[in-house]
file final-v1.txt (compact mmCIF, C-alpha atoms)
# COMPACT_ATOMS: atom_id res chain seq x y z
CA MET A 1 -86.50 13.38 117.11
CA GLY A 2 -87.35 13.22 113.41
CA SER A 3 -89.66 10.72 111.77
CA LEU A 4 -89.37 7.16 113.02
CA ALA A 5 -88.06 4.86 110.33
CA SER A 6 -89.46 1.48 109.47
CA GLU A 7 -87.08 -1.47 109.25
CA ARG A 8 -83.89 -0.19 107.71
CA THR A 9 -81.24 -1.85 105.63
CA VAL A 10 -77.80 -2.08 107.21
CA VAL A 11 -74.44 -3.23 105.91
CA GLY A 12 -72.13 -5.07 108.27
CA TRP A 13 -69.21 -7.46 108.05
CA ALA A 14 -70.31 -10.95 109.01
CA ALA A 15 -68.85 -14.39 109.62
CA ARG A 16 -70.74 -17.05 107.64
CA ASP A 17 -69.19 -20.14 109.23
CA ALA A 18 -66.63 -21.30 111.78
CA THR A 19 -63.69 -20.16 109.66
CA GLY A 20 -64.48 -16.78 111.19
CA HIS A 21 -63.76 -14.93 107.96
CA LEU A 22 -65.76 -11.69 107.75
CA SER A 23 -67.23 -10.24 104.56
CA PRO A 24 -69.92 -7.66 103.69
CA TYR A 25 -73.45 -8.65 104.62
CA THR A 26 -76.71 -6.77 104.11
CA TYR A 27 -79.55 -7.21 106.61
CA THR A 28 -82.36 -5.26 108.27
CA VAL A 29 -82.69 -3.90 111.80
CA ARG A 30 -85.97 -3.34 113.61
CA LYS A 31 -88.20 -0.33 113.37
CA THR A 32 -87.33 2.28 115.98
CA GLY A 33 -89.31 1.50 119.12
CA PRO A 34 -90.51 3.95 121.78
CA GLU A 35 -87.33 3.61 123.87
CA ASP A 36 -84.91 2.83 121.04
CA VAL A 37 -81.84 4.80 120.03
CA VAL A 38 -80.57 4.54 116.47
CA VAL A 39 -76.78 4.74 116.46
CA LYS A 40 -74.64 5.48 113.42
CA VAL A 41 -71.51 3.49 114.21
CA LEU A 42 -68.28 5.51 114.18
CA TYR A 43 -65.79 3.10 115.75
CA CYS A 44 -65.83 -0.44 117.12
CA GLY A 45 -63.09 -2.16 119.11
CA ILE A 46 -62.03 -5.73 118.43
CA CYS A 47 -62.15 -8.05 121.43
CA HIS A 48 -60.76 -11.57 121.80
CA THR A 49 -64.35 -12.68 122.33
CA ASP A 50 -65.05 -11.72 118.71
CA ILE A 51 -62.65 -14.48 117.69
CA HIS A 52 -64.28 -17.00 120.05
CA GLN A 53 -67.72 -16.22 118.66
CA ALA A 54 -66.83 -15.93 114.98
CA LYS A 55 -64.94 -19.23 115.06
CA ASN A 56 -67.48 -21.03 117.26
CA HIS A 57 -64.92 -21.76 119.96
CA LEU A 58 -67.74 -21.82 122.54
CA GLY A 59 -69.97 -24.09 120.47
CA ALA A 60 -72.98 -21.78 120.29
CA SER A 61 -72.36 -19.56 117.28
CA LYS A 62 -75.12 -18.81 114.80
CA TYR A 63 -74.43 -17.46 111.34
CA PRO A 64 -74.41 -15.03 109.63
CA MET A 65 -72.89 -13.17 112.57
CA VAL A 66 -71.81 -9.53 112.70
CA PRO A 67 -69.39 -9.23 115.67
CA GLY A 68 -68.41 -6.15 117.64
CA HIS A 69 -69.39 -5.06 121.16
CA GLU A 70 -67.18 -2.04 121.81
CA VAL A 71 -69.29 0.37 119.81
CA VAL A 72 -69.11 4.16 119.72
CA GLY A 73 -71.44 6.08 117.49
CA GLU A 74 -73.62 9.11 116.92
CA VAL A 75 -77.33 9.17 117.76
CA VAL A 76 -79.28 9.78 114.54
CA GLU A 77 -82.81 8.99 115.76
CA VAL A 78 -84.61 8.36 119.04
CA GLY A 79 -87.98 6.90 119.95
CA PRO A 80 -90.69 9.11 121.50
CA GLU A 81 -90.06 7.84 125.05
CA VAL A 82 -86.28 8.25 125.00
CA SER A 83 -85.17 10.67 127.71
CA LYS A 84 -81.48 9.89 128.17
CA HIS A 85 -80.09 10.68 124.73
CA ARG A 86 -80.63 13.18 121.92
CA VAL A 87 -79.88 13.25 118.23
CA GLY A 88 -76.24 14.27 117.77
CA ASP A 89 -75.00 12.76 121.04
CA VAL A 90 -71.90 10.55 120.93
CA VAL A 91 -72.71 7.34 122.77
CA GLY A 92 -71.40 3.86 123.49
CA VAL A 93 -72.92 0.38 123.32
CA GLY A 94 -71.26 -2.56 125.02
CA VAL A 95 -71.73 -6.30 125.42
CA ILE A 96 -75.37 -6.36 126.59
CA VAL A 97 -78.44 -4.94 124.80
CA GLY A 98 -81.25 -6.53 126.81
CA CYS A 99 -82.24 -8.06 130.16
CA CYS A 100 -85.40 -9.12 132.00
CA ARG A 101 -85.45 -6.07 134.35
CA GLU A 102 -87.20 -8.14 137.02
CA CYS A 103 -84.60 -10.47 138.57
CA ARG A 104 -82.33 -9.70 141.51
CA PRO A 105 -79.31 -8.69 139.37
CA CYS A 106 -81.47 -6.40 137.21
CA LYS A 107 -83.03 -4.72 140.24
CA ALA A 108 -79.52 -4.23 141.67
CA ASN A 109 -78.40 -2.61 138.38
CA VAL A 110 -75.91 -5.37 137.59
CA GLU A 111 -77.82 -6.52 134.55
CA GLN A 112 -74.79 -8.30 133.11
CA TYR A 113 -75.61 -11.14 135.54
CA CYS A 114 -79.24 -11.47 134.43
CA ASN A 115 -79.90 -15.02 133.24
CA LYS A 116 -82.00 -13.59 130.43
CA ARG A 117 -79.40 -11.07 129.26
CA ILE A 118 -79.31 -10.43 125.54
CA TRP A 119 -75.89 -10.19 123.90
CA SER A 120 -75.22 -7.42 121.42
CA TYR A 121 -74.61 -10.09 118.78
CA ASN A 122 -75.01 -13.85 118.31
CA ASP A 123 -78.26 -13.76 120.25
CA VAL A 124 -81.99 -13.34 119.66
CA TYR A 125 -83.80 -10.13 120.60
CA THR A 126 -87.25 -9.98 122.17
CA ASP A 127 -88.82 -9.64 118.72
CA GLY A 128 -87.32 -12.97 117.65
CA GLN A 129 -84.76 -11.40 115.34
CA PRO A 130 -81.01 -12.08 115.63
CA THR A 131 -78.87 -9.41 117.24
CA GLN A 132 -75.95 -8.09 115.22
CA GLY A 133 -72.97 -6.12 116.51
CA GLY A 134 -70.94 -3.05 115.78
CA PHE A 135 -68.96 -4.08 112.71
CA ALA A 136 -71.82 -2.40 110.89
CA SER A 137 -73.11 0.94 109.75
CA THR A 138 -76.02 1.15 112.22
CA MET A 139 -77.38 -0.36 115.44
CA VAL A 140 -80.78 0.06 117.09
CA VAL A 141 -80.47 -0.23 120.88
CA ASP A 142 -82.78 0.28 123.86
CA GLN A 143 -81.80 3.48 125.67
CA LYS A 144 -81.05 1.58 128.89
CA PHE A 145 -78.00 0.01 127.27
CA VAL A 146 -76.61 3.17 125.69
CA VAL A 147 -74.07 5.27 127.61
CA PRO A 148 -72.98 8.83 126.90
CA ILE A 149 -69.37 9.35 125.87
CA PRO A 150 -68.13 12.30 127.94
CA ALA A 151 -66.59 15.35 126.37
CA GLY A 152 -62.82 15.09 126.48
CA LEU A 153 -62.74 11.43 125.47
CA ALA A 154 -62.07 10.74 121.78
CA PRO A 155 -64.58 8.23 120.36
CA GLU A 156 -61.91 5.85 119.08
CA GLN A 157 -60.27 5.90 122.51
CA ALA A 158 -63.58 5.26 124.24
CA ALA A 159 -64.40 2.09 122.30
CA PRO A 160 -62.14 -0.37 124.21
CA LEU A 161 -63.30 1.04 127.53
CA LEU A 162 -66.79 -0.35 126.89
CA CYS A 163 -65.50 -3.90 127.36
CA ALA A 164 -61.80 -4.11 128.25
CA GLY A 165 -61.88 -1.07 130.52
CA VAL A 166 -65.02 -1.81 132.49
CA THR A 167 -64.09 -5.50 132.77
CA VAL A 168 -61.19 -4.40 135.00
CA TYR A 169 -62.92 -1.50 136.72
CA SER A 170 -65.97 -3.48 137.87
CA PRO A 171 -64.20 -6.10 140.05
CA LEU A 172 -61.85 -3.54 141.56
CA LYS A 173 -64.87 -1.54 142.65
CA HIS A 174 -67.06 -4.47 143.69
CA PHE A 175 -64.41 -6.23 145.77
CA GLY A 176 -63.34 -3.05 147.56
CA LEU A 177 -60.00 -2.79 145.82
CA THR A 178 -59.96 0.92 145.05
CA ALA A 179 -58.06 2.37 148.03
CA PRO A 180 -54.66 3.95 147.30
CA GLY A 181 -51.66 1.96 148.41
CA LEU A 182 -52.91 -1.52 147.53
CA ARG A 183 -50.53 -3.87 145.78
CA GLY A 184 -52.02 -5.53 142.73
CA GLY A 185 -50.91 -7.96 140.06
CA ILE A 186 -52.04 -7.92 136.44
CA LEU A 187 -51.67 -11.37 134.89
CA GLY A 188 -51.48 -11.09 131.12
CA LEU A 189 -50.73 -7.90 129.20
CA GLY A 190 -53.21 -7.74 126.34
CA GLY A 191 -56.22 -5.54 125.69
CA VAL A 192 -57.76 -6.08 129.12
CA GLY A 193 -54.43 -6.32 130.94
CA HIS A 194 -53.08 -3.02 129.68
CA MET A 195 -56.24 -1.29 130.89
CA GLY A 196 -55.81 -3.08 134.21
CA VAL A 197 -52.40 -1.48 134.64
CA LYS A 198 -53.70 1.96 133.73
CA VAL A 199 -56.81 1.84 135.92
CA ALA A 200 -54.99 0.37 138.95
CA LYS A 201 -52.21 2.95 138.69
CA ALA A 202 -54.78 5.73 138.47
CA MET A 203 -56.28 4.42 141.73
CA GLY A 204 -52.87 4.77 143.37
CA HIS A 205 -51.92 1.09 143.47
CA HIS A 206 -48.48 -0.47 143.27
CA VAL A 207 -48.84 -2.59 140.13
CA THR A 208 -46.89 -5.72 139.18
CA VAL A 209 -47.32 -7.12 135.68
CA ILE A 210 -47.00 -10.91 135.62
CA SER A 211 -46.13 -12.54 132.32
CA SER A 212 -44.73 -15.80 131.01
CA SER A 213 -41.61 -14.13 129.54
CA SER A 214 -39.61 -10.94 129.83
CA ARG A 215 -40.61 -9.85 126.32
CA LYS A 216 -43.07 -7.20 127.49
CA ARG A 217 -41.03 -5.85 130.40
CA ALA A 218 -40.05 -2.55 128.78
CA GLU A 219 -43.52 -1.71 127.53
CA ALA A 220 -45.13 -2.68 130.83
CA MET A 221 -42.86 -0.47 132.90
CA ASP A 222 -41.76 2.30 130.55
CA GLU A 223 -44.94 2.76 128.49
CA LEU A 224 -47.73 1.71 130.87
CA GLY A 225 -46.10 2.72 134.15
CA ALA A 226 -46.11 -0.59 136.01
CA ASP A 227 -44.01 -0.62 139.17
CA ALA A 228 -42.66 -4.16 138.82
CA TYR A 229 -42.52 -7.01 136.33
CA LEU A 230 -42.55 -10.65 137.27
CA VAL A 231 -41.75 -13.55 134.93
CA SER A 232 -43.83 -16.52 136.02
CA SER A 233 -41.22 -19.04 134.83
CA ASP A 234 -38.55 -17.46 137.07
CA ALA A 235 -38.91 -19.63 140.17
CA GLU A 236 -36.56 -17.51 142.27
CA ALA A 237 -38.37 -14.26 141.48
CA MET A 238 -41.77 -15.86 142.08
CA ALA A 239 -40.61 -17.17 145.45
CA ALA A 240 -39.32 -13.73 146.41
CA ALA A 241 -42.71 -12.21 145.55
CA ALA A 242 -44.74 -14.66 147.67
CA ASP A 243 -47.33 -13.10 150.01
CA SER A 244 -46.89 -9.67 148.45
CA LEU A 245 -50.11 -8.89 146.54
CA ASP A 246 -53.58 -7.87 147.69
CA TYR A 247 -55.15 -9.01 144.44
CA ILE A 248 -54.44 -10.46 141.02
CA ILE A 249 -56.48 -9.53 137.97
CA ASP A 250 -56.18 -12.63 135.77
CA THR A 251 -56.84 -11.76 132.11
CA VAL A 252 -55.36 -14.90 130.53
CA PRO A 253 -57.90 -16.40 128.07
CA VAL A 254 -56.32 -19.88 127.83
CA HIS A 255 -55.82 -22.71 130.30
CA HIS A 256 -53.12 -21.98 132.90
CA PRO A 257 -52.19 -23.14 136.41
CA LEU A 258 -53.45 -21.10 139.36
CA GLU A 259 -51.24 -22.30 142.18
CA PRO A 260 -48.13 -20.31 141.22
CA TYR A 261 -50.18 -17.12 141.35
CA LEU A 262 -52.17 -17.94 144.47
CA ALA A 263 -48.83 -18.14 146.28
CA LEU A 264 -48.27 -14.45 145.49
CA LEU A 265 -51.35 -13.34 147.43
CA ARG A 266 -51.34 -12.01 150.95
CA LEU A 267 -53.83 -12.97 153.64
CA ASP A 268 -57.36 -12.38 152.25
CA GLY A 269 -55.97 -11.81 148.80
CA LYS A 270 -58.23 -12.21 145.79
CA HIS A 271 -57.51 -13.86 142.46
CA VAL A 272 -60.09 -12.49 140.01
CA LEU A 273 -60.65 -14.46 136.82
CA LEU A 274 -61.56 -12.37 133.76
CA GLY A 275 -60.35 -14.52 130.86
CA VAL A 276 -62.85 -16.82 129.14
CA VAL A 277 -61.29 -20.27 129.56
CA GLY A 278 -63.19 -23.30 128.30
CA GLU A 279 -61.34 -25.88 130.40
CA PRO A 280 -61.45 -26.52 134.17
CA LEU A 281 -58.89 -24.64 136.26
CA SER A 282 -57.63 -26.35 139.41
CA PHE A 283 -55.66 -25.86 142.60
CA VAL A 284 -55.20 -27.73 145.87
CA ALA A 285 -57.42 -26.51 148.69
CA PRO A 286 -54.62 -25.54 151.13
CA MET A 287 -53.48 -22.89 148.64
CA VAL A 288 -56.55 -20.86 149.54
CA MET A 289 -57.31 -22.22 153.02
CA LEU A 290 -53.94 -21.26 154.52
CA GLY A 291 -54.36 -17.59 153.71
CA ARG A 292 -58.13 -17.20 153.55
CA LYS A 293 -57.62 -16.39 149.88
CA ALA A 294 -60.39 -16.27 147.31
CA VAL A 295 -60.59 -17.34 143.70
CA THR A 296 -63.46 -15.49 142.10
CA GLY A 297 -64.60 -14.11 138.79
CA SER A 298 -66.17 -11.06 137.28
CA PHE A 299 -67.96 -10.41 134.01
CA ILE A 300 -67.70 -7.09 132.14
CA GLY A 301 -69.56 -4.37 134.06
CA SER A 302 -72.98 -2.81 134.35
CA VAL A 303 -74.22 0.14 132.32
CA ASP A 304 -73.86 2.31 135.42
CA GLU A 305 -70.30 1.12 136.02
CA THR A 306 -69.46 1.76 132.37
CA ALA A 307 -70.64 5.36 132.61
CA GLU A 308 -68.71 5.72 135.88
CA LEU A 309 -65.54 4.33 134.28
CA LEU A 310 -65.79 6.72 131.35
CA ARG A 311 -65.99 9.69 133.73
CA PHE A 312 -63.09 8.24 135.77
CA CYS A 313 -60.96 8.04 132.62
CA VAL A 314 -61.70 11.66 131.73
CA ASP A 315 -60.94 12.81 135.28
CA LYS A 316 -57.67 10.84 135.39
CA GLY A 317 -56.64 11.52 131.79
CA LEU A 318 -56.65 7.80 130.95
CA THR A 319 -56.77 6.50 127.41
CA SER A 320 -56.45 3.08 125.85
CA GLN A 321 -53.53 2.28 123.55
CA ILE A 322 -55.00 1.42 120.18
CA GLU A 323 -54.27 0.70 116.55
CA VAL A 324 -57.00 2.09 114.29
CA VAL A 325 -57.74 0.08 111.15
CA LYS A 326 -60.29 0.17 108.33
CA MET A 327 -62.96 -2.49 107.96
CA GLY A 328 -61.18 -3.96 104.94
CA TYR A 329 -58.33 -4.92 107.28
CA VAL A 330 -60.55 -6.57 109.90
CA ASN A 331 -59.67 -10.18 109.00
CA GLU A 332 -55.94 -9.44 109.21
CA ALA A 333 -56.57 -7.67 112.52
CA LEU A 334 -58.37 -10.71 113.90
CA GLU A 335 -55.50 -12.95 112.83
CA ARG A 336 -52.97 -10.64 114.46
CA LEU A 337 -55.04 -10.48 117.64
CA GLU A 338 -55.17 -14.27 117.76
CA ARG A 339 -51.37 -14.39 117.79
CA ASN A 340 -51.18 -11.46 120.23
CA ASP A 341 -49.67 -9.08 117.67
CA VAL A 342 -51.32 -5.83 118.76
CA ARG A 343 -50.52 -3.11 121.27
CA TYR A 344 -53.06 -3.27 122.76
CA ARG A 345 -56.44 -3.00 121.08
CA PHE A 346 -57.56 -2.81 117.47
CA VAL A 347 -60.31 -0.29 116.79
CA VAL A 348 -62.14 -0.34 113.46
CA ASP A 349 -62.84 3.04 111.88
CA VAL A 350 -66.29 2.01 110.72
CA VAL A 351 -67.55 5.38 109.53
CA GLY A 352 -64.31 6.05 107.66
CA SER A 353 -64.56 2.70 105.89
CA ASN A 354 -67.70 3.64 103.93
CA ILE A 355 -69.02 0.10 104.33
CA GLU A 356 -72.47 1.00 103.06
CA GLU A 357 -70.86 1.54 99.67
CA ALA A 358 -69.48 -2.01 99.64
CA ALA A 359 -70.34 -3.44 96.24
CA GLY A 360 -72.09 -6.76 95.93
CA ALA A 361 -72.92 -7.27 99.59
CA PRO A 362 -75.05 -10.44 99.67
CA ALA A 363 -78.49 -10.30 101.26
CA ASN A 364 -78.19 -13.63 103.08
call {"tool": "encode", "arguments": {"input": "final-v1.txt", "output": "structure tokens"}}
result
Amino acid sequence: MGSLASERTVVGWAARDATGHLSPYTYTVRKTGPEDVVVKVLYCGICHTDIHQAKNHLGASKYPMVPGHEVVGEVVEVGPEVSKHRVGDVVGVGVIVGCCRECRPCKANVEQYCNKRIWSYNDVYTDGQPTQGGFASTMVVDQKFVVPIPAGLAPEQAAPLLCAGVTVYSPLKHFGLTAPGLRGGILGLGGVGHMGVKVAKAMGHHVTVISSSSRKRAEAMDELGADAYLVSSDAEAMAAAADSLDYIIDTVPVHHPLEPYLALLRLDGKHVLLGVVGEPLSFVAPMVMLGRKAVTGSFIGSVDETAELLRFCVDKGLTSQIEVVKMGYVNEALERLERNDVRYRFVVDVVGSNIEEAAGAPAN
């Protein structure tokens, strides 16, 4: 276990205002508590949510803010009551680092739906201090929210699974969409969408990628293994595909019509919203009534589901498709992500960036 440190100084890359530009920032993290795990960050994926938060797109950002919620690291210290992890373990930390543990979702082990959930960054922890994410040298996290990374899964490959991967896996499991032979649609082929194709194919589904243009057809079918590709602006092809899908995983993070896609669903089909859209989405009631269809949503996944997904990926030989970058490139990576110029997930090599040696990191 080693001696428990007092508050420690950490270097991260933080946004200071709604421009979203990240730069070195020095701050302190809490003293290691009885059930805390101290994680030396190795890699951290970049999610579209990092852009939303850093640029205050959702109107609730607090600065300075260190983003990053797809964190893989090495355990360097544990509190005296930690039983799940040991020094030297490779572990993951996702979107949530706290919950009330008393409400119905918490007791059902779906703590991501707890109304008192604590985000891994841009939030306030129980001690009143701001939470900061994985674009940093170190995190201190309660053991409940730390998952083991299984042997056989490279840490940089595991990072996107902690958000993008489990965000797809959770609704497929919850809504009973895991049986082989189902026909599914993946709407949008970004970081979450590409994992949707991989996970659904590994479950034995016939997978159709739905996109606004034919630009990604080759990569969807030749690289990711999709069975079909549907261009949403092709009215004839959309009409031919009507009533053909058991579900649609909708990963689009901007406003878009739902009716064209609801028409693709079979009886009792489900349209599952995963993209964070800040404007109302609409459809006429008969689109769902005349097929007993459902429009629903899902939010990331639980700690248990995350651990289950990681084992599933090892068993099925699944990996994410990533571009590894250094921390000094993170602003360019965020700009590229915003214009969808990545296949399919950026992962920051935090440990290889030697960020603690950053000269002149301001203290506030």
call {"tool": "residues_near_point", "arguments": {"input": "final-v1.txt", "point": "(-57.2, -9.9, 137.6)", "cutoff": "6 Å", "atoms": "only C-alpha atoms", "output": "JSON, numbers by chain"}}
result
{"A": [186, 248, 249, 250, 251, 272, 273]}
call {"tool": "closest_atom_pairs", "arguments": {"input": "final-v1.txt", "of": "stretch 111-169 of chain A", "to": "stretch 76-100 of chain A", "cutoff": "7 Å", "atoms": "only C-alpha atoms", "output": "CSV"}}
result
residue,atom,partner,partner_atom,distance
A:Glu111,CA,A:Cys99,CA,6.4
A:Gln112,CA,A:Ile96,CA,6.8
A:Cys114,CA,A:Cys99,CA,6.2
A:Lys116,CA,A:Cys99,CA,5.5
A:Arg117,CA,A:Cys99,CA,4.2
A:Ile118,CA,A:Gly98,CA,4.5
A:Trp119,CA,A:Ile96,CA,4.7
A:Ser120,CA,A:Ile96,CA,5.3
A:Val141,CA,A:Val97,CA,6.5
A:Asp142,CA,A:Val97,CA,6.9
A:Gln143,CA,A:Val82,CA,6.6
A:Phe145,CA,A:Val97,CA,5.5
A:Val146,CA,A:Val93,CA,5.2
A:Val147,CA,A:Gly92,CA,5.1
A:Pro148,CA,A:Val91,CA,4.4
A:Ile149,CA,A:Val91,CA,5.0
A:Leu162,CA,A:Gly94,CA,5.3
A:Cys163,CA,A:Gly94,CA,6.4
call {"tool": "write_last_selection", "arguments": {"input": "final-v1.txt", "atoms": "C-alpha atoms", "output": "PDB file, in the frame of the given file"}}
result
ATOM      1  CA  GLU A 111     -77.820  -6.520 134.550  1.00  0.00           C
ATOM      2  CA  GLN A 112     -74.790  -8.300 133.110  1.00  0.00           C
ATOM      3  CA  CYS A 114     -79.240 -11.470 134.430  1.00  0.00           C
ATOM      4  CA  LYS A 116     -82.000 -13.590 130.430  1.00  0.00           C
ATOM      5  CA  ARG A 117     -79.400 -11.070 129.260  1.00  0.00           C
ATOM      6  CA  ILE A 118     -79.310 -10.430 125.540  1.00  0.00           C
ATOM      7  CA  TRP A 119     -75.890 -10.190 123.900  1.00  0.00           C
ATOM      8  CA  SER A 120     -75.220  -7.420 121.420  1.00  0.00           C
ATOM      9  CA  VAL A 141     -80.470  -0.230 120.880  1.00  0.00           C
ATOM     10  CA  ASP A 142     -82.780   0.280 123.860  1.00  0.00           C
ATOM     11  CA  GLN A 143     -81.800   3.480 125.670  1.00  0.00           C
ATOM     12  CA  PHE A 145     -78.000   0.010 127.270  1.00  0.00           C
ATOM     13  CA  VAL A 146     -76.610   3.170 125.690  1.00  0.00           C
ATOM     14  CA  VAL A 147     -74.070   5.270 127.610  1.00  0.00           C
ATOM     15  CA  PRO A 148     -72.980   8.830 126.900  1.00  0.00           C
ATOM     16  CA  ILE A 149     -69.370   9.350 125.870  1.00  0.00           C
ATOM     17  CA  LEU A 162     -66.790  -0.350 126.890  1.00  0.00           C
ATOM     18  CA  CYS A 163     -65.500  -3.900 127.360  1.00  0.00           C
TER      19      CYS A 163
END
call {"tool": "atom_distance", "arguments": {"input": "final-v1.txt", "atom1": "atom CA of A:Asn354", "atom2": "atom CA of A:Asp123"}}
result
26.1 Å
call {"tool": "residues_around", "arguments": {"input": "final-v1.txt", "residues": "A:Thr131", "least_positions_apart": "5", "cutoff": "12 Å", "atoms": "all atoms listed in the file", "output": "ChimeraX atom specification"}}
result
/A:14,27-30,62-69,95-98,118-126,136,139-141
call {"tool": "closest_residue", "arguments": {"input": "final-v1.txt", "among": "A:Thr138, A:Ser353, A:Gln53, A:Ser23", "to": "A:Val72", "atoms": "only C-alpha atoms"}}
result
A:Thr138
call {"tool": "closest_residue", "arguments": {"input": "final-v1.txt", "among": "A:Val252, A:Cys103, A:Val284, A:Ala151", "to": "A:Gly193", "atoms": "all atoms listed in the file"}}
result
A:Val252
call {"tool": "closest_residue", "arguments": {"input": "final-v1.txt", "among": "A:Asp222, A:Ser6, A:Ala18, A:Lys316", "to": "A:Lys31", "atoms": "only C-alpha atoms"}}
result
A:Ser6
call {"tool": "residues_near_point", "arguments": {"input": "final-v1.txt", "point": "(-63.4, -5.2, 108.3)", "cutoff": "10 Å", "atoms": "all atoms listed in the file", "output": "PyMOL selection string"}}
result
chain A and resi 12-14+21-24+135-136+325-334+348-350+353+355
call {"tool": "closest_residue", "arguments": {"input": "final-v1.txt", "among": "A:Asp246, A:Glu305, A:Asp315, A:Glu259", "to": "A:Pro150", "atoms": "all atoms listed in the file"}}
result
A:Asp315
call {"tool": "atom_distance", "arguments": {"input": "final-v1.txt", "atom1": "atom CA of A:Glu7", "atom2": "atom CA of A:Cys106"}}
result
28.9 Å
